[in-house]
>>> print(open('coords-v6.tsv').read())   # TSV, C-alpha atoms
chain	number	residue	atom	x	y	z
A	1	MET	CA	106.74	92.00	106.72
A	2	VAL	CA	107.26	94.93	109.11
A	3	ILE	CA	104.96	97.97	109.12
A	4	SER	CA	106.38	101.08	110.81
A	5	ASP	CA	105.14	104.58	111.55
A	6	ILE	CA	107.68	107.04	110.14
A	7	GLU	CA	106.20	110.12	111.85
A	8	ASP	CA	105.98	108.55	115.29
A	9	ASN	CA	109.70	108.01	115.83
A	10	ARG	CA	109.63	105.00	113.50
A	11	SER	CA	107.68	102.82	115.91
A	12	VAL	CA	106.71	99.35	114.66
A	13	LEU	CA	102.96	98.99	114.04
A	14	GLY	CA	103.05	95.31	113.21
A	15	VAL	CA	105.19	92.36	112.16
A	16	PHE	CA	103.56	89.78	109.93
A	17	PRO	CA	105.14	86.56	108.61
A	18	VAL	CA	105.14	86.08	104.84
A	19	PHE	CA	105.57	82.34	104.22
A	20	GLY	CA	109.22	81.56	104.96
A	21	ASN	CA	112.12	81.68	102.50
A	22	GLY	CA	110.74	80.50	99.14
A	23	PRO	CA	108.02	82.96	98.10
A	24	LYS	CA	108.82	86.59	97.35
A	25	VAL	CA	106.60	89.63	97.72
A	26	VAL	CA	106.42	91.15	94.23
A	27	GLY	CA	103.82	93.86	94.80
A	28	LEU	CA	102.45	95.94	97.69
A	29	ALA	CA	99.57	98.42	97.88
A	30	TRP	CA	97.85	100.21	100.75
A	31	PHE	CA	94.09	100.40	100.91
A	32	ARG	CA	92.93	104.01	100.79
A	33	ASP	CA	91.78	103.95	104.45
A	34	ILE	CA	95.23	102.61	105.48
A	35	SER	CA	93.62	99.78	107.44
A	36	SER	CA	95.10	96.99	105.33
A	37	LEU	CA	97.97	96.20	103.05
A	38	ALA	CA	97.51	94.04	99.95
A	39	TYR	CA	100.44	92.10	98.57
A	40	VAL	CA	101.21	89.63	95.81
A	41	ILE	CA	103.51	86.70	96.50
A	42	SER	CA	105.26	84.68	93.85
A	43	ASP	CA	106.75	81.26	94.47
A	44	PRO	CA	108.30	79.89	91.27
A	45	GLU	CA	109.36	76.63	92.94
A	46	TYR	CA	105.73	75.66	93.62
A	47	HIS	CA	104.32	77.52	90.59
A	48	ARG	CA	102.03	79.84	92.52
A	49	ASN	CA	101.21	83.54	92.51
A	50	GLU	CA	98.67	84.73	95.06
A	51	LEU	CA	97.04	87.95	96.25
A	52	TRP	CA	96.79	88.40	100.03
A	53	VAL	CA	95.43	91.14	102.32
A	54	GLN	CA	96.78	91.83	105.81
A	55	ASN	CA	94.91	94.04	108.30
A	56	ILE	CA	97.53	96.13	110.07
A	57	ARG	CA	95.71	95.74	113.39
A	58	GLY	CA	96.64	92.06	113.34
A	59	GLY	CA	95.08	88.72	112.63
A	60	LYS	CA	95.78	86.19	109.93
A	61	PRO	CA	96.26	87.34	106.34
A	62	LEU	CA	93.36	86.72	103.96
A	63	LYS	CA	94.10	84.95	100.69
A	64	VAL	CA	92.04	86.79	98.06
A	65	THR	CA	92.83	84.84	94.89
A	66	ASP	CA	95.26	82.73	92.92
A	67	LEU	CA	96.87	84.49	89.97
A	68	SER	CA	98.24	82.82	86.86
A	69	ALA	CA	101.24	80.76	87.95
A	70	ASP	CA	102.61	80.36	84.43
A	71	GLN	CA	103.22	84.10	83.99
A	72	GLN	CA	105.89	86.32	85.47
A	73	LEU	CA	104.64	89.20	87.58
A	74	ALA	CA	106.06	92.72	87.31
A	75	SER	CA	107.26	93.96	90.70
A	76	SER	CA	105.97	97.49	90.08
A	77	GLY	CA	102.72	96.46	88.41
A	78	PHE	CA	100.20	96.14	91.24
A	79	ALA	CA	97.46	98.55	92.34
A	80	ILE	CA	94.26	98.64	94.39
A	81	SER	CA	91.28	100.68	93.17
A	82	PRO	CA	90.40	103.81	95.22
A	83	ASN	CA	87.32	102.14	96.72
A	84	GLY	CA	89.22	98.91	97.49
A	85	SER	CA	86.86	96.70	95.50
A	86	SER	CA	89.21	95.64	92.69
A	87	PHE	CA	92.88	95.29	91.85
A	88	ALA	CA	95.17	95.26	88.83
A	89	VAL	CA	98.37	93.31	88.35
A	90	VAL	CA	100.80	93.32	85.43
A	91	ALA	CA	101.69	89.80	84.30
A	92	GLY	CA	103.08	88.29	81.16
A	93	GLY	CA	105.90	86.43	79.57
A	94	TRP	CA	109.23	87.57	78.28
A	95	LYS	CA	110.49	86.13	75.02
A	96	SER	CA	114.06	87.37	75.26
A	97	ASP	CA	116.57	88.58	77.79
A	98	VAL	CA	118.57	90.51	75.19
A	99	VAL	CA	118.82	94.29	75.45
A	100	LEU	CA	120.20	96.49	72.67
A	101	LEU	CA	121.79	99.75	73.79
A	102	LYS	CA	122.60	102.25	71.05
A	103	GLY	CA	124.14	105.68	70.96
A	104	LEU	CA	126.11	105.46	74.22
A	105	ARG	CA	129.18	107.69	74.48
>>> encode(input="coords-v6.tsv", output="structure tokens")
Amino acid sequence: MVISDIEDNRSVLGVFPVFGNGPKVVGLAWFRDISSLAYVISDPEYHRNELWVQNIRGGKPLKVTDLSADQQLASSGFAISPNGSSFAVVAGGWKSDVVLLKGLR
């Protein structure tokens, strides 16, 4: 994970490893004070979904919690509360991969 400053000539603020090739980051959210970035990783091969927090000043990431591994996580469904004390994540199962499109011309 690379964090850059867009206003300051796109300088790199930090580079943080995110567990190799298997897991994927499926959600990101800044803390309101911009000191840390929270992210959700999903690794279907090992049946794990986890919430992590990375301080942008450096150091090791902090694993906050394990999320339900038997549910799929929505990539756009992650948020941190304004005071940074709680989070929300959209998770669930899909029963079908069929989509019906009607009225196209």
>>> residues_around(input="coords-v6.tsv", residues="Pro61 (chain A)", least_positions_apart="5", cutoff="7 Å", atoms="only C-alpha atoms", output="count of residues only")
3
>>> closest_residue(input="coords-v6.tsv", among="A:Gly84, A:Gly103, A:Gly14, A:Gly58", to="Ala29 (chain A)", atoms="all atoms listed in the file")
A:Gly84
>>> closest_residue(input="coords-v6.tsv", among="A:Asn49, A:Ser11, A:Ser36, A:Ser85", to="Pro23 (chain A)", atoms="only C-alpha atoms")
A:Asn49
>>> closest_residue(input="coords-v6.tsv", among="A:Ser35, A:Pro82, A:Val98, A:Phe16", to="Lys60 (chain A)", atoms="only C-alpha atoms")
A:Phe16
>>> atom_distance(input="coords-v6.tsv", atom1="CA of Asp5 (chain A)", atom2="CA of Leu62 (chain A)")
22.7 Å
